[in-house]
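K.L.:
Please find one structure pasted underneath; my questions will follow.
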Amino acid sequence: MDMFAEIVVNAPLRRRRVPILNRTEGFSSLSQTFTYKIPLHLQGRLEPGHLVTVPFGARKLQGIVLALSEQTTVERLKDLYDLSEPKPALSLAQLALAQWMSGYYLAPLIECMEQMFPPGLEAEVETRIALNPDARPLVNAREAHQLIVDRLRRDGPMAQEELLSGDRKEDIKRAIDALVRRGVVVRHSELLPPRAREKRERSVMLVAEPSAEVMASLRAPRQKAVLDFLTEHGGLQVAIPAREVQAAAGADAATLKALAKNNLIRIVEHVVWRDPLKGRNYGRAVPPTLTPEQQQVWDAIQQNIVSGSPDTYLLFGVTGSGKTEIYLRAVSEALAQGRQAIVLVPEIALTPQTIRRFAERFPAQVTVTHSKISEGERYDQWRRIRAGEVGVVIGSRSAVFAPLPRLGLIVMDEEHEPTYKQEHSPFYHVRDVALRYAQLARAVVILGSATPSLESMSKAKRGEYRLLELTQRIAGAVATTQPAVSIADGSPMEPSGPSAPAFLRLPPVQIVDMRVELKAGNSSIFSRDLRHALTATLDAHEQAILFLNRRGTATFVMCRDCGFVLRCRRCDNPLTYHADQGDLVCHHCNRRYQQPMLCPNCASTRIKQFGAGTQRVEEMVRQLFPAARTLRWDRDVTGAKGAHEQILRQFTAHEADVLIGTQMIAKGLDLPMVTLVGVVSADTTLHLPDFRSSERTFQLLTQVAGRAGRSRFMGRVIFQTYTPDHPALLAAAEHNYAMFYAPEMEFRQRLNYPPYSQLIRLVIASSGRRIEQEAEAVHRRLQEHIRQIGASDLDLIGPAPCFVHKLRGAHRWHIIVRGQRPHDLLKDFDLPPGWRVDVDPVNLL
């Protein structure tokens, strides 16, 4: 009986103008599936989720089996070639998850599937160029044409990328195309083997203990040295790595081969697992006694894990309230039920202490996966996870796709963090993917935060999530020599017996008006109060954190005397200064304004761009406090593998007094010796042209304030600001979520922003001069389509230049679709090439 397979082929879409969503096909028409006949040798072996190689035109490409069938209406089918991997790369749940992602996020199905592979597993296609032996010699050839032919004649066929290396890439590319058209050269594609593969290592053992006669018969000194080394190091009982034997005996592979040929040693090859946690020794931690609040929360969650009933919990707890202990108990219960767990953190910076907390409670059951470990380590951990050999997977965004066969729990710590949204296609959000994955696996989801996103809190209040609250801060232990560090919200990390929990007050927050500082003659980036607080902290041999509330090049225009921020009269969004044009632009409606010489509010001349960087702050600390030991923790200093862990180790060991950093130090860290947190500029994200700017500011300030006073040393927090009366700052200073939530929800409802509507952002990037006209043309077509389908609840924002209006040489414009069902507008809409689709964008920059 003939059998057929639907294959998702890993090839670029040829037909560029495609319907974004086609409901009649059940999921995105961007799935790009093709039907192939299954050859006899694969029938009975092939399963959905398998990686396969297939013929695709004149090329050989890789694909993923989506479904099998016994019937097809397609004629003249080609046979697929073979399996790339003996086991399915994707589970049935992952296949279903990828299809949902493709349909919801309007992204090619192959891109969604590739998120679930470790890097290097997918085979890459290489384009190669060779001389056509039947071609006529070139006559009066152009210089570029002759250079290509001469090089191919000298070096033979080569990759097109190799030919394009150099300064004249575009000229060479045009020359290759012309030579292909003339038949002088031929271009073909080759499927390269996957980069990711298992690591194998050779080891050596003695066949028998060498006798004196054998040793005397050996004439090669290196052979004798090998046998002596193996005899002295137990080579009869254990296999010793060949490289170790060769190094010790001064031998090489030929020496070992000769000894094996004479049956004196045995060379064995075995698989070596690359483990990112190799060599780490973790102690054993005893679960602490729960507070009454924690016990009530745990009772609610435990019941569902035991019963196997999928549900979603929003665990809303103040900083230091013991959320992590709830996570640990949930994981423990899932493991006891024979299930497995994924624990997600928003930043790679948080993984070292998260791993320690969980590894202490679940020895030999924890692994980690994120982009900072090596490709080989990620591949090996993916294989272990897929085989069910791991109980707990910890990681950042990509860990949500861990192929655990018995998934029973997903924990998403700091669920409000925007880093959970991927910034390239497919533009998925981990929270939504986790919820869908959990539905497919019938798993429990715990979303934890001290500052939940407005979307999550509104769902909890509507009953879509179960809301659980922790309102009391719990004291952690602190050692006098080497302080323990955890990921916040729980018991001490050092092994100790259960004891009655003690409670702490949240640290007091002082708001310093920097306008007053300026009037008093202090133009420093440090207020007098912050400088005095730093002096007292350093004199007491305690630690301080200095936090910069900013993103990269974000700027706005503000008066340094009265704090007035220039805003668009139509949209009420902060205006952005464009130095190349010398004017102010609203990045929502594209309205333009002249740069005023005087502040429109107080007539001051001190109206200009605003911002500061971590390097400048560090320099100021060293100038003011020469004896202070400083550390920076930002993206500039954490590029190397293990950098986050090294910085954290140094600071927790009190090898530094002041830690200076950006968003990555604002969340999740439990540093008991920190008694002062200073926010150098609380205003920067507050005035970004994004409707979520107030929410981001409140969350960041509340989280960073929570880093102080987490032990018996107590603590204090200082916010420096030019807008001391802003509701987001006042609410953060009170550690009061409800104080922020109510007025912000009123603002969102009034302007029809999420969670009262849904947004889809369309972005075009181009180096061409007609980008504005193209954006306006798409806008007109969208407006017309709204009228045609009668979608009166939908409206469009823009077209306008993006806040980051130029990136890598390309200008960027966007259009935002807003309404209850924006997918309805796009399901039959042909979007021109070059446009990116971002469903539920977390920022509009």
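So you can find residues: chains in the structure tokens are A, B, ... in the order shown, residues in each start at 1, and ligands are numbered from 1 in order.
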Assign secondary structure with DSSP using the backbone only, and return the residues of range 278-492 of chain A in strand (DSSP E) as JSON, numbers by chain.

P.N.:
{"A": [312, 313, 314, 315, 316, 317, 340, 341, 342, 343, 344, 366, 367, 368, 369, 392, 393, 394, 395, 407, 408, 409, 410, 411, 412, 413, 444, 445, 446, 447, 448, 449, 466, 467, 468, 469, 470, 473, 474]}

K.L.:
So that I can check the secondary structure, give me every residue of range 142-302 of chain A assigned helix (DSSP H, G or I) by backbone DSSP, as number ranges by chain.

P.N.:
A: 143-155, 160-164, 169-181, 212-217, 221-232, 242-249, 253-261, 292-302

K.L.:
Using only C-alpha atoms, find the one residue out of A:Gln246, A:Leu68, A:Gln353, A:Leu538 that sits nearest to Gly44 in chain A.

P.N.:
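Ranked by minimum distance to Gly44 in chain A, first place goes to A:Leu68.
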
K.L.:
Give me the residues near range 146-150 of chain A as an NGL selection string, where near means some atom within 12 Å (using only C-alpha atoms) and where sequence neighbours in that chain fewer than 2 positions away do not count.

P.N.:
:A and (129-133 or 135-144 or 152-158 or 160 or 162-164 or 168 or 171-180 or 183-186)

K.L.:
Can you measure CA of Thr630 in chain A to CA of Gln615 in chain A for me? One decimal in Å is fine.

P.N.:
11.0 Å

K.L.:
Enter the distance from CA of Phe547 in chain A to CA of Met412 in chain A, in Å, rounded to one decimal.

P.N.:
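Atom-to-atom, CA of Phe547 in chain A to CA of Met412 in chain A, that is 24.2 Å.
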
K.L.:
Counting only C-alpha atoms, figure out which residue out of A:Ala251, A:Leu467, A:Val390, A:Leu407 gets nearest to Leu314 in chain A.

P.N.:
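For Leu314 in chain A, the nearest of the given residues is A:Leu467.
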
K.L.:
Taking 3 positions as the minimum chain separation for residues in the same chain, which residues sit within 7 Å of range 119-125 of chain A when counting only C-alpha atoms? Answer as a short mmCIF file (atom, residue, chain, number, x, y, z; two decimals) with all heavy atoms, in the first residue's frame.

P.N.:
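Generated file (selection_32.cif):
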```
data_model
loop_
_atom_site.label_atom_id
_atom_site.label_comp_id
_atom_site.auth_asym_id
_atom_site.auth_seq_id
_atom_site.Cartn_x
_atom_site.Cartn_y
_atom_site.Cartn_z
N GLN A 62 16.01 19.84 3.57
CA GLN A 62 15.53 19.19 4.79
C GLN A 62 14.09 19.60 5.05
O GLN A 62 13.67 20.72 4.70
CB GLN A 62 16.40 19.59 5.98
CG GLN A 62 16.23 18.73 7.21
CD GLN A 62 17.21 19.13 8.30
OE1 GLN A 62 17.23 20.27 8.74
NE2 GLN A 62 18.04 18.19 8.73
N SER A 189 22.91 23.71 -5.50
CA SER A 189 22.82 23.73 -4.04
C SER A 189 23.21 22.38 -3.48
O SER A 189 22.91 21.33 -4.06
CB SER A 189 21.39 24.08 -3.59
OG SER A 189 21.03 25.37 -4.06
N GLU A 190 23.87 22.42 -2.33
CA GLU A 190 24.22 21.20 -1.61
C GLU A 190 23.70 21.31 -0.18
O GLU A 190 23.76 22.37 0.44
CB GLU A 190 25.74 21.00 -1.58
CG GLU A 190 26.34 20.60 -2.91
CD GLU A 190 27.81 20.27 -2.79
OE1 GLU A 190 28.31 20.21 -1.64
OE2 GLU A 190 28.46 20.09 -3.84
N LEU A 191 23.18 20.21 0.32
CA LEU A 191 22.69 20.15 1.69
C LEU A 191 23.86 19.74 2.59
O LEU A 191 24.36 18.62 2.50
CB LEU A 191 21.55 19.15 1.81
CG LEU A 191 20.75 19.17 3.12
CD1 LEU A 191 20.00 20.49 3.27
CD2 LEU A 191 19.78 18.00 3.17
N LEU A 192 24.31 20.66 3.43
CA LEU A 192 25.43 20.38 4.31
C LEU A 192 24.98 19.52 5.48
O LEU A 192 23.82 19.61 5.93
CB LEU A 192 26.03 21.69 4.82
CG LEU A 192 26.54 22.67 3.76
CD1 LEU A 192 27.07 23.93 4.43
CD2 LEU A 192 27.62 22.02 2.91
N PRO A 193 25.85 18.70 6.03
CA PRO A 193 25.46 17.92 7.22
C PRO A 193 25.21 18.85 8.39
O PRO A 193 25.84 19.91 8.50
CB PRO A 193 26.68 17.02 7.45
CG PRO A 193 27.82 17.70 6.77
CD PRO A 193 27.22 18.42 5.60
N PRO A 194 24.31 18.49 9.30
CA PRO A 194 24.03 19.34 10.46
C PRO A 194 25.30 19.58 11.28
O PRO A 194 26.14 18.69 11.42
CB PRO A 194 23.00 18.53 11.26
CG PRO A 194 22.39 17.60 10.27
CD PRO A 194 23.47 17.28 9.28
N ARG A 195 25.43 20.78 11.81
CA ARG A 195 26.59 21.08 12.66
C ARG A 195 26.51 20.33 13.98
O ARG A 195 27.52 19.94 14.54
CB ARG A 195 26.66 22.59 12.95
CG ARG A 195 26.86 23.46 11.74
CD ARG A 195 27.18 24.89 12.17
NE ARG A 195 26.26 25.38 13.18
CZ ARG A 195 25.09 25.91 12.93
NH1 ARG A 195 24.65 26.02 11.67
NH2 ARG A 195 24.31 26.36 13.91
N ALA A 196 25.30 20.18 14.50
CA ALA A 196 25.12 19.54 15.80
C ALA A 196 25.24 18.03 15.65
O ALA A 196 24.54 17.42 14.84
CB ALA A 196 23.76 19.91 16.39
N GLU A 375 26.95 25.35 21.56
CA GLU A 375 26.05 24.64 20.65
C GLU A 375 26.02 23.15 20.98
O GLU A 375 24.95 22.52 20.98
CB GLU A 375 26.49 24.87 19.22
CG GLU A 375 25.51 24.42 18.17
CD GLU A 375 25.92 24.87 16.78
OE1 GLU A 375 25.60 26.01 16.41
OE2 GLU A 375 26.57 24.06 16.07
#
```

K.L.:
Which one is closest to Glu47 in chain A: A:Ala96, A:Leu90, A:Ala258, A:Leu61? Count only C-alpha atoms.

P.N.:
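Distance minimum relative to Glu47 in chain A lands on A:Leu90.
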
K.L.:
Which polymer residues have any atom within 12 Å of an atom of range 455-459 of chain A, counting only C-alpha atoms, with same-chain residues fewer than 3 positions away left out, as a VMD selection string?

P.N.:
chain A and resid 312 to 316 414 to 417 431 to 432 435 446 to 452 462 to 469 692 695 737 to 738 741 to 742 744 to 745 748 to 749 753 to 758 840 842

K.L.:
Which polymer residues have any atom within 10 Å of an atom of Gln650 in chain A, counting only C-alpha atoms, with same-chain residues fewer than 6 positions away left out, as a ChimeraX atom specification?

P.N.:
/A:631,656-657

K.L.:
Which residue gives the smallest distance to Gln422 in chain A among A:Ile660, A:Val214, A:Cys112, A:Val444, with only C-alpha atoms counted?

P.N.:
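Under the stated criterion, the closest residue is A:Cys112.
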
K.L.:
Write out as an mmCIF file with all heavy atoms, in the first residue's frame each polymer residue whose atoms come within 8 Å of Gly834 in chain A, counting only C-alpha atoms; drop sequence neighbours fewer than 3 positions from it.

P.N.:
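That gives us around-v8.cif:
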```
data_model
loop_
_atom_site.group_PDB
_atom_site.id
_atom_site.type_symbol
_atom_site.label_atom_id
_atom_site.label_comp_id
_atom_site.auth_asym_id
_atom_site.auth_seq_id
_atom_site.Cartn_x
_atom_site.Cartn_y
_atom_site.Cartn_z
ATOM 1 N N ILE A 764 7.899 47.975 8.242
ATOM 2 C CA ILE A 764 8.653 47.892 6.990
ATOM 3 C C ILE A 764 10.009 48.550 7.218
ATOM 4 O O ILE A 764 10.087 49.631 7.804
ATOM 5 C CB ILE A 764 7.901 48.580 5.817
ATOM 6 C CG1 ILE A 764 8.707 48.526 4.518
ATOM 7 C CG2 ILE A 764 7.528 50.003 6.167
ATOM 8 C CD1 ILE A 764 8.827 47.182 3.907
ATOM 9 N N ALA A 765 11.061 47.881 6.779
ATOM 10 C CA ALA A 765 12.413 48.444 6.868
ATOM 11 C C ALA A 765 13.018 48.432 5.482
ATOM 12 O O ALA A 765 12.987 47.413 4.788
ATOM 13 C CB ALA A 765 13.265 47.626 7.836
ATOM 14 N N SER A 766 13.559 49.562 5.069
ATOM 15 C CA SER A 766 14.095 49.655 3.709
ATOM 16 C C SER A 766 15.114 50.782 3.644
ATOM 17 O O SER A 766 15.003 51.785 4.347
ATOM 18 C CB SER A 766 12.960 49.935 2.712
ATOM 19 O OG SER A 766 13.468 50.201 1.433
#
```

K.L.:
I need the residue nearest Gln340 in chain A from this list: A:Phe362, A:Trp633, A:Tyr428, A:Phe740. Use only C-alpha atoms for the distance.

P.N.:
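Between A:Phe362, A:Trp633, A:Tyr428, A:Phe740, the residue approaching Gln340 in chain A most closely is A:Phe362.
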